[in-house]
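Engineer: Data: upload07.cif, mmCIF, C-alpha atoms (C1' of nucleotides).
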data_coords
#
loop_
_atom_site.label_atom_id
_atom_site.label_comp_id
_atom_site.auth_asym_id
_atom_site.auth_seq_id
_atom_site.Cartn_x
_atom_site.Cartn_y
_atom_site.Cartn_z
CA MET K 45 115.80 76.39 119.60
CA PRO K 46 113.76 77.67 116.76
CA GLU K 47 111.60 75.72 114.39
CA LEU K 48 109.36 77.13 111.68
CA PRO K 49 106.98 79.06 113.99
CA GLU K 50 109.74 80.74 115.99
CA VAL K 51 111.59 81.64 112.79
CA GLN K 52 108.37 83.06 111.34
CA ILE K 53 107.74 85.12 114.48
CA LEU K 54 111.27 86.46 114.25
CA VAL K 55 110.89 87.29 110.56
CA ASN K 56 107.65 89.09 111.38
CA GLN K 57 109.61 91.26 113.79
CA LEU K 58 112.56 91.82 111.48
CA ALA K 59 110.75 92.64 108.27
CA PRO K 60 109.05 95.90 109.28
CA ARG K 61 112.23 97.19 110.88
CA LEU K 62 114.77 96.16 108.29
CA GLU K 63 113.03 96.34 104.97
CA ARG K 64 114.07 99.43 103.00
CA ALA K 65 116.93 100.06 105.43
CA ARG K 66 120.40 100.59 104.01
CA ILE K 67 123.41 98.74 105.45
CA ARG K 68 125.93 101.18 106.87
CA ALA K 69 128.40 98.69 108.31
CA VAL K 70 128.80 95.07 109.23
CA GLU K 71 130.58 93.64 112.23
CA SER K 72 131.72 90.11 112.97
CA ARG K 73 132.93 89.06 116.38
CA ASP K 74 133.38 85.45 115.36
CA PRO K 75 135.84 84.33 112.67
CA MET K 76 133.35 81.71 111.55
CA ILE K 77 131.06 84.46 110.32
CA LYS K 78 132.39 86.31 107.32
CA LEU K 79 130.57 89.44 106.27
CA GLY K 80 132.40 91.36 103.58
CA ARG K 81 132.37 95.09 102.94
CA GLN K 82 130.46 94.31 99.76
CA LEU K 83 127.34 94.49 101.94
CA VAL K 84 127.84 98.12 102.85
CA GLY K 85 125.55 100.48 100.98
CA ARG K 86 123.07 97.83 99.90
CA ARG K 87 119.39 98.18 100.53
CA ILE K 88 117.51 95.46 102.42
CA GLN K 89 114.60 94.72 100.13
CA ARG K 90 112.88 91.85 101.85
CA VAL K 91 113.19 89.57 104.87
CA ARG K 92 111.53 86.22 104.37
CA ARG K 93 111.55 82.62 105.52
CA GLN K 94 111.78 79.25 103.80
CA GLY K 95 111.70 76.27 106.14
CA LYS K 96 113.91 77.30 109.04
CA ASN K 97 116.05 79.57 106.87
CA ILE K 98 115.90 83.34 107.02
CA VAL K 99 116.57 84.97 103.68
CA VAL K 100 117.44 88.66 103.46
CA ASP K 101 117.23 89.94 99.90
CA LEU K 102 119.64 92.77 99.20
CA SER K 103 119.82 95.22 96.34
CA GLY K 104 122.27 94.40 93.58
CA GLY K 105 121.59 90.66 93.58
CA LEU K 106 123.00 89.38 96.83
CA HIS K 107 121.44 87.69 99.84
CA LEU K 108 122.10 87.16 103.49
CA LEU K 109 121.23 83.59 104.46
CA VAL K 110 120.73 82.93 108.16
CA HIS K 111 120.10 79.66 109.94
CA LEU K 112 119.56 79.85 113.70
CA ARG K 113 120.12 76.15 114.40
CA MET K 114 119.72 75.51 118.14
CA THR K 115 120.36 78.78 119.92
CA GLY K 116 120.56 81.51 117.32
CA TRP K 117 118.41 84.65 117.49
CA ILE K 118 118.37 88.16 116.11
CA GLU K 119 117.43 91.21 118.10
CA PHE K 120 117.68 94.95 118.11
CA GLU K 121 118.58 95.27 121.77
CA ARG K 122 122.28 94.80 122.12
CA PRO K 123 122.95 91.54 124.02
CA LYS K 124 125.99 90.93 126.21
CA ARG K 125 127.52 88.68 123.58
CA TYR K 126 126.81 88.46 119.89
CA ARG K 127 128.48 86.84 116.93
CA ALA K 128 127.74 89.52 114.38
CA ALA K 129 125.89 92.76 113.87
CA ILE K 130 124.38 94.51 110.87
CA HIS K 131 124.29 98.25 111.31
CA THR K 132 121.63 99.87 109.16
CA THR K 133 120.00 103.23 108.67
CA ARG K 134 117.07 101.88 110.66
CA GLY K 135 118.93 100.37 113.57
CA THR K 136 121.32 97.52 114.34
CA ALA K 137 120.42 93.84 114.18
CA TYR K 138 122.49 91.63 116.50
CA PHE K 139 122.99 87.93 115.81
CA GLU K 140 123.38 86.13 119.11
CA ASP K 141 124.01 82.42 119.31
CA ALA K 142 125.32 80.86 122.51
CA ARG K 143 126.19 77.49 121.03
CA ARG K 144 127.59 78.97 117.83
CA LEU K 145 125.98 76.32 115.66
CA GLY K 146 124.02 78.83 113.65
CA THR K 147 125.15 80.29 110.34
CA MET K 148 125.02 83.69 108.70
CA GLN K 149 126.51 83.98 105.24
CA VAL K 150 126.48 86.14 102.17
CA VAL K 151 125.32 84.19 99.12
CA THR K 152 124.70 84.80 95.43
CA PRO K 153 121.28 84.07 93.96
CA GLU K 154 122.71 80.84 92.54
CA GLN K 155 124.03 79.68 95.91
CA LEU K 156 120.74 80.61 97.54
CA GLY K 157 118.86 78.64 94.92
CA ARG K 158 121.00 75.56 95.44
CA THR K 159 120.36 75.68 99.19
CA LEU K 160 116.63 76.25 99.02
CA LYS K 161 116.19 73.70 96.25
CA LYS K 162 117.17 70.96 98.69
CA LEU K 163 114.24 71.80 100.94
CA GLY K 164 110.95 69.96 100.73
CA PRO K 165 107.69 71.91 100.65
CA ASP K 166 107.21 74.48 103.39
CA PRO K 167 103.78 73.77 104.93
CA LEU K 168 102.84 77.43 105.20
CA VAL K 169 104.46 78.71 102.00
CA ASP K 170 103.86 75.86 99.56
CA GLY K 171 101.04 73.95 101.25
CA CYS K 172 101.45 70.77 103.19
CA ASP K 173 102.26 68.19 100.57
CA LEU K 174 103.44 65.13 102.46
CA SER K 175 103.82 62.80 99.48
CA GLY K 176 107.55 62.58 100.16
CA LEU K 177 106.79 60.63 103.29
CA HIS K 178 105.58 57.71 101.17
CA THR K 179 109.12 57.19 99.95
CA THR K 180 110.93 56.32 103.15
CA SER K 181 110.83 53.38 105.51
CA ARG K 182 112.07 55.39 108.48
CA PRO K 183 109.73 55.98 111.43
CA ILE K 184 107.32 58.80 110.69
CA LYS K 185 108.70 60.98 113.50
CA VAL K 186 112.23 60.69 112.11
CA ALA K 187 111.02 61.35 108.57
CA LEU K 188 109.27 64.54 109.66
CA LEU K 189 112.62 65.93 110.79
CA ASP K 190 114.10 65.43 107.31
CA GLN K 191 114.03 68.90 105.76
CA GLN K 192 114.16 67.41 102.26
CA LEU K 193 110.75 65.85 102.83
CA VAL K 194 109.03 68.69 104.71
CA ALA K 195 110.73 71.98 105.50
CA GLY K 196 110.36 73.65 108.87
CA VAL K 197 109.14 70.91 111.19
CA GLY K 198 111.58 70.19 114.01
CA ASN K 199 111.68 68.03 117.08
CA ILE K 200 108.89 69.76 119.00
CA TYR K 201 106.32 70.16 116.27
CA ALA K 202 106.97 66.65 114.97
CA SER K 203 105.80 65.24 118.30
CA GLU K 204 103.00 67.77 118.65
CA SER K 205 101.64 67.20 115.14
CA LEU K 206 101.68 63.41 115.46
CA TRP K 207 99.76 63.69 118.71
CA ARG K 208 97.21 65.95 117.08
CA ALA K 209 96.81 63.49 114.18
CA ARG K 210 96.74 60.53 116.59
CA ILE K 211 99.56 58.76 114.81
CA ASN K 212 102.17 56.69 116.63
CA PRO K 213 105.65 58.17 116.04
CA ARG K 214 107.18 54.73 115.54
CA ARG K 215 104.98 53.79 112.58
CA ARG K 216 106.86 53.27 109.34
CA SER K 217 106.44 56.39 107.25
CA ASP K 218 105.70 54.48 104.04
CA ASN K 219 103.00 52.44 105.77
CA LEU K 220 100.79 55.42 106.50
CA LYS K 221 97.51 55.47 104.63
CA SER K 222 96.68 58.47 102.46
CA ALA K 223 93.95 59.46 104.88
CA GLU K 224 96.46 59.42 107.71
CA LEU K 225 98.91 61.55 105.76
CA GLY K 226 96.07 63.95 105.04
CA ALA K 227 95.24 64.19 108.71
CA LEU K 228 98.92 64.64 109.52
CA GLY K 229 99.24 67.46 107.01
CA ARG K 230 96.32 69.29 108.57
CA ALA K 231 97.74 68.64 112.04
CA ILE K 232 101.10 70.10 111.04
CA VAL K 233 99.55 73.25 109.61
CA ALA K 234 97.33 73.66 112.67
CA SER K 235 100.21 73.15 115.11
CA LEU K 236 102.44 75.62 113.29
CA ARG K 237 99.72 78.26 112.92
CA ARG K 238 98.73 77.97 116.54
CA ALA K 239 102.34 78.47 117.63
CA ILE K 240 102.82 81.48 115.36
CA GLY K 241 99.66 82.93 116.87
CA TYR K 242 101.42 83.30 120.21
CA GLY K 243 103.69 85.92 118.68
CA PRO K 244 106.85 87.12 120.38
CA ARG K 245 105.65 85.89 123.78
CA ILE K 246 105.71 82.31 122.52
CA PHE K 247 108.60 81.27 124.75
CA GLU K 248 106.76 82.40 127.87
CA VAL K 249 103.21 81.29 127.19
CA GLN K 250 103.28 78.30 124.88
CA GLN K 251 101.89 75.06 126.29
CA PHE K 252 102.69 71.77 124.61
CA ALA K 253 100.38 68.79 124.29
CA VAL K 254 103.09 66.17 124.76
CA TYR K 255 106.53 67.68 124.19
CA GLY K 256 108.57 67.67 127.40
CA ARG K 257 105.63 66.17 129.33
CA LYS K 258 106.96 62.69 130.09
CA GLY K 259 104.94 61.06 132.88
CA LYS K 260 102.27 63.74 132.81
CA PRO K 261 98.68 63.05 131.75
CA CYS K 262 97.74 63.29 128.09
CA ARG K 263 95.55 66.36 127.62
CA ARG K 264 93.10 64.31 125.58
CA CYS K 265 92.73 60.98 127.37
CA GLY K 266 94.67 61.30 130.62
CA ALA K 267 97.07 58.42 129.90
CA MET K 268 100.69 58.94 130.84
CA VAL K 269 102.82 60.64 128.18
CA ARG K 270 105.85 58.57 127.17
CA ARG K 271 109.32 59.61 126.06
CA VAL K 272 111.34 57.49 123.68
CA VAL K 273 114.52 58.21 121.74
CA GLN K 274 114.51 58.05 117.96
CA ALA K 275 117.57 58.98 115.91
CA GLN K 276 119.18 60.33 119.08
CA ARG K 277 116.37 62.77 119.74
CA SER K 278 113.52 62.76 122.23
CA THR K 279 110.06 61.85 121.03
CA TYR K 280 106.98 62.34 123.20
CA PHE K 281 103.64 60.68 122.58
CA CYS K 282 100.52 59.30 124.19
CA PRO K 283 100.48 55.50 123.92
CA GLU K 284 96.68 55.47 124.25
CA CYS K 285 95.60 57.95 121.60
CA GLN K 286 98.51 57.32 119.23
CA ARG K 287 98.31 53.70 118.20
"C1'" DA V 114 120.25 55.86 97.21
"C1'" DA V 115 119.19 55.46 101.93
"C1'" DC V 116 120.04 54.75 106.49
"C1'" DG V 117 122.59 55.04 111.03
"C1'" DT V 118 126.07 57.23 113.83
"C1'" DA V 119 129.43 60.67 115.25
"C1'" DC V 120 130.17 65.23 115.60
"C1'" DC V 121 129.97 70.35 115.78
"C1'" DC V 122 129.77 74.07 120.43
"C1'" DT V 123 128.16 75.98 124.69
"C1'" DG V 124 125.00 76.59 128.65
"C1'" DC V 125 122.03 74.85 132.02
"C1'" DC V 126 120.19 71.70 135.25
"C1'" DG V 127 119.93 68.06 138.64
"C1'" DG V 128 122.49 64.92 141.52
"C1'" DC V 129 126.26 63.91 144.40
"C1'" DT X 49 129.47 75.39 146.90
"C1'" DG X 50 131.68 72.80 143.12
"C1'" DC X 51 132.13 69.37 139.88
"C1'" DC X 52 130.13 66.20 136.42
"C1'" DG X 53 127.22 63.86 133.42
"C1'" DG X 54 123.27 64.42 130.64
"C1'" DC X 55 120.57 67.07 127.90
"C1'" DA X 56 119.13 70.80 124.53
"C1'" DG X 57 113.53 72.89 119.75
"C1'" DG X 58 119.75 72.01 114.32
"C1'" DG X 59 122.24 70.09 110.39
"C1'" DT X 60 126.28 67.82 108.31
"C1'" DA X 61 130.01 64.42 107.25
"C1'" DC X 62 131.00 59.99 106.89
"C1'" DG X 63 130.63 54.89 106.95
"C1'" DT X 64 127.86 50.91 105.76
#
For this file, write the structure as structure tokens.
Structural biologist:
Amino acid sequence: MPELPEVQILVNQLAPRLERARIRAVESRDPMIKLGRQLVGRRIQRVRRQGKNIVVDLSGGLHLLVHLRMTGWIEFERPKRYRAAIHTTRGTAYFEDARRLGTMQVVTPEQLGRTLKKLGPDPLVDGCDLSGLHTTSRPIKVALLDQQLVAGVGNIYASESLWRARINPRRRSDNLKSAELGALGRAIVASLRRAIGYGPRIFEVQQFAVYGRKGKPCRRCGAMVRRVVQAQRSTYFCPECQR
DNA sequence: AACGTACCCTGCCGGC
DNA sequence: TGCCGGCAGGGTACGT
């Protein structure tokens, strides 16, 4: 499920509870997740986010790299099923992930660097530099999902940001004018910040402008929201305000 | 290099 | 009620 805002909200919850904690034990209930005993005894120094990745910095030069993919989440309440657990001096963090597409791995600083280096700028960490979008002929909506061009935007916020910037999702990315890319950058930052502002209740209270609203009236002009498929994923937009 | 497609795995929902 | 297809907010591997 999670895109940048949801990952940020999760990191905001994890950081105050895990930072400075010491790992007492690790537990994997899924052979795909390998957590060695080398983790035991290390101090959690920082929990941070880059794009949709969660990075846990450990003492002694090692990191835990987590990607939630579609259904991953981390919580302190023990769920019925979980793929792995980190037991610390300040409580246990459970990694639950119904579809098991998520990843949790121990990486060296070099491996972490290689992974993060592939990511484009994170709109909230590095500023929203969208110059990479000039380099591809793919539709702008599809390009926004490419983490090498912009890191953290996913299927929901791609649609939401394009609506906010009044840009048609089927436009060729490299045909957008600089002014349009500027507007899109501001729209992305605004959409992400707004979502983060909901906090942990985001899944209950968040209202989308167009996402998932096929056939319903556009909140700006009242025209009927359309759904199309691009690169095998749903795109929602208003045909009236997004030319 | 850059693009499209298939695929990974499971749960849920609507229709029959 | 039970089964089945379609769908899901992610990324990767592979072929062209």
Engineer: I'd like to see the residues matched by the PyMOL selection byres ((chain X) within 10 of (chain K)) on this file, and ideally I'd get them as number ranges by chain.
Structural biologist: X: 56-59
Engineer: Taking all atoms of region 159-162 of chain K that the file lists, what box with edges along x, y and z, padded by 8 Å per side, do you get, with centre and edge lengths in Å to one decimal, as JSON?
Structural biologist:
{"center_x": 118.3, "center_y": 73.6, "center_z": 97.7, "size_x": 20.2, "size_y": 21.3, "size_z": 18.9}
Engineer: Given all atoms listed in the file as the basis, pick out the residue of K:Pro283, K:Pro60, K:Gly85, K:Pro183 nearest to chain V.
Structural biologist: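 Once distances to chain V are computed over all atoms listed in the file, the minimum belongs to K:Pro183.
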Engineer: Return as a PyMOL selection string the set of residues that the PyMOL selection byres ((chain K) within 9 of (chain V)) yields on the displayed structure.
Structural biologist: chain K and resi 142-145+180+182+275
Engineer: Got a sec to resolve the PyMOL selection byres ((chain K and resi 257) around 12) on this structure and send the residues as a PyMOL selection string?
Structural biologist: chain K and resi 200+203-204+251-256+258-263+267-272+278-282
Engineer: Selected residues, C-alpha atoms, written as a tab-separated table (two decimals), in the frame of the given file, please.
Structural biologist:
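Printed below is selection07.tsv as written:
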chain	number	residue	atom	x	y	z
K	200	ILE	CA	108.89	69.76	119.00
K	203	SER	CA	105.80	65.24	118.30
K	204	GLU	CA	103.00	67.77	118.65
K	251	GLN	CA	101.89	75.06	126.29
K	252	PHE	CA	102.69	71.77	124.61
K	253	ALA	CA	100.38	68.79	124.29
K	254	VAL	CA	103.09	66.17	124.76
K	255	TYR	CA	106.53	67.68	124.19
K	256	GLY	CA	108.57	67.67	127.40
K	258	LYS	CA	106.96	62.69	130.09
K	259	GLY	CA	104.94	61.06	132.88
K	260	LYS	CA	102.27	63.74	132.81
K	261	PRO	CA	98.68	63.05	131.75
K	262	CYS	CA	97.74	63.29	128.09
K	263	ARG	CA	95.55	66.36	127.62
K	267	ALA	CA	97.07	58.42	129.90
K	268	MET	CA	100.69	58.94	130.84
K	269	VAL	CA	102.82	60.64	128.18
K	270	ARG	CA	105.85	58.57	127.17
K	271	ARG	CA	109.32	59.61	126.06
K	272	VAL	CA	111.34	57.49	123.68
K	278	SER	CA	113.52	62.76	122.23
K	279	THR	CA	110.06	61.85	121.03
K	280	TYR	CA	106.98	62.34	123.20
K	281	PHE	CA	103.64	60.68	122.58
K	282	CYS	CA	100.52	59.30	124.19
Engineer: Report, in Å to a single decimal, how far apart CA of Pro49 (chain K) and CA of Gln250 (chain K) are.
Structural biologist: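 The value is 11.5 Å.
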Engineer: Please, what distance in Å, to one decimal, runs between CA of Cys285 (chain K) and CA of Ile211 (chain K)?
Structural biologist: 7.9 Å
Engineer: Excluding Arg81 (chain K) and residues on its chain fewer than 5 positions from it, collect all residues at most 12 Å away from it, counting all atoms listed in the file, and give them as a VMD selection string.
Structural biologist: chain K and resid 67 to 72 86 130 150
Engineer: From the options K:Arg92, K:Arg230, K:Arg287, K:Arg158, which residue's atoms come nearest to Asp173 (chain K), counting all atoms listed in the file?
Structural biologist: K:Arg230
Engineer: Figure out the distance between CA of Arg125 (chain K) and CA of Tyr138 (chain K), please, to one decimal in Å.
Structural biologist: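 One can read the CA of Tyr138 (chain K) to CA of Arg125 (chain K) distance as 9.2 Å.
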Engineer: Do you know which residues are at most 8 Å from Arg93 (chain K) counting all atoms listed in the file, after dropping those on the same chain fewer than 3 positions away, and could you put them as an mmCIF file with C-alpha atoms, in the frame of the given file?
Structural biologist:
data_model
loop_
_atom_site.group_PDB
_atom_site.id
_atom_site.type_symbol
_atom_site.label_atom_id
_atom_site.label_comp_id
_atom_site.auth_asym_id
_atom_site.auth_seq_id
_atom_site.Cartn_x
_atom_site.Cartn_y
_atom_site.Cartn_z
ATOM 1 C CA VAL K 51 111.590 81.640 112.790
ATOM 2 C CA GLN K 52 108.370 83.060 111.340
ATOM 3 C CA VAL K 55 110.890 87.290 110.560
ATOM 4 C CA LYS K 96 113.910 77.300 109.040
ATOM 5 C CA ASN K 97 116.050 79.570 106.870
ATOM 6 C CA ILE K 98 115.900 83.340 107.020
ATOM 7 C CA VAL K 99 116.570 84.970 103.680
#
Engineer: Would you mind completing region 210-221 of chain K to N, CA and C atoms and writing the output as a PDB file, in the frame of the given file?
Structural biologist:
ATOM      1  N   ARG K 210      96.901  61.849 115.953  1.00  0.00           N
ATOM      2  CA  ARG K 210      96.740  60.530 116.590  1.00  0.00           C
ATOM      3  C   ARG K 210      97.508  59.431 115.891  1.00  0.00           C
ATOM      4  N   ILE K 211      98.720  59.754 115.491  1.00  0.00           N
ATOM      5  CA  ILE K 211      99.560  58.760 114.810  1.00  0.00           C
ATOM      6  C   ILE K 211     100.750  58.413 115.693  1.00  0.00           C
ATOM      7  N   ASN K 212     101.042  57.132 115.821  1.00  0.00           N
ATOM      8  CA  ASN K 212     102.170  56.690 116.630  1.00  0.00           C
ATOM      9  C   ASN K 212     103.490  57.053 115.939  1.00  0.00           C
ATOM     10  N   PRO K 213     104.391  57.699 116.653  1.00  0.00           N
ATOM     11  CA  PRO K 213     105.650  58.170 116.040  1.00  0.00           C
ATOM     12  C   PRO K 213     106.540  57.059 115.519  1.00  0.00           C
ATOM     13  N   ARG K 214     106.312  55.816 115.966  1.00  0.00           N
ATOM     14  CA  ARG K 214     107.180  54.730 115.540  1.00  0.00           C
ATOM     15  C   ARG K 214     106.661  54.013 114.288  1.00  0.00           C
ATOM     16  N   ARG K 215     105.494  54.394 113.823  1.00  0.00           N
ATOM     17  CA  ARG K 215     104.980  53.790 112.580  1.00  0.00           C
ATOM     18  C   ARG K 215     105.958  54.027 111.440  1.00  0.00           C
ATOM     19  N   ARG K 216     106.059  53.069 110.544  1.00  0.00           N
ATOM     20  CA  ARG K 216     106.860  53.270 109.340  1.00  0.00           C
ATOM     21  C   ARG K 216     106.189  54.323 108.474  1.00  0.00           C
ATOM     22  N   SER K 217     106.979  55.287 108.045  1.00  0.00           N
ATOM     23  CA  SER K 217     106.440  56.390 107.250  1.00  0.00           C
ATOM     24  C   SER K 217     105.701  55.890 106.008  1.00  0.00           C
ATOM     25  N   ASP K 218     106.304  54.930 105.303  1.00  0.00           N
ATOM     26  CA  ASP K 218     105.700  54.480 104.040  1.00  0.00           C
ATOM     27  C   ASP K 218     104.513  53.537 104.251  1.00  0.00           C
ATOM     28  N   ASN K 219     104.179  53.265 105.500  1.00  0.00           N
ATOM     29  CA  ASN K 219     103.000  52.440 105.770  1.00  0.00           C
ATOM     30  C   ASN K 219     101.758  53.274 106.090  1.00  0.00           C
ATOM     31  N   LEU K 220     101.935  54.578 106.170  1.00  0.00           N
ATOM     32  CA  LEU K 220     100.790  55.420 106.500  1.00  0.00           C
ATOM     33  C   LEU K 220      99.818  55.480 105.334  1.00  0.00           C
ATOM     34  N   LYS K 221      98.531  55.380 105.660  1.00  0.00           N
ATOM     35  CA  LYS K 221      97.510  55.470 104.630  1.00  0.00           C
ATOM     36  C   LYS K 221      97.363  56.922 104.185  1.00  0.00           C
TER      37      LYS K 221
END
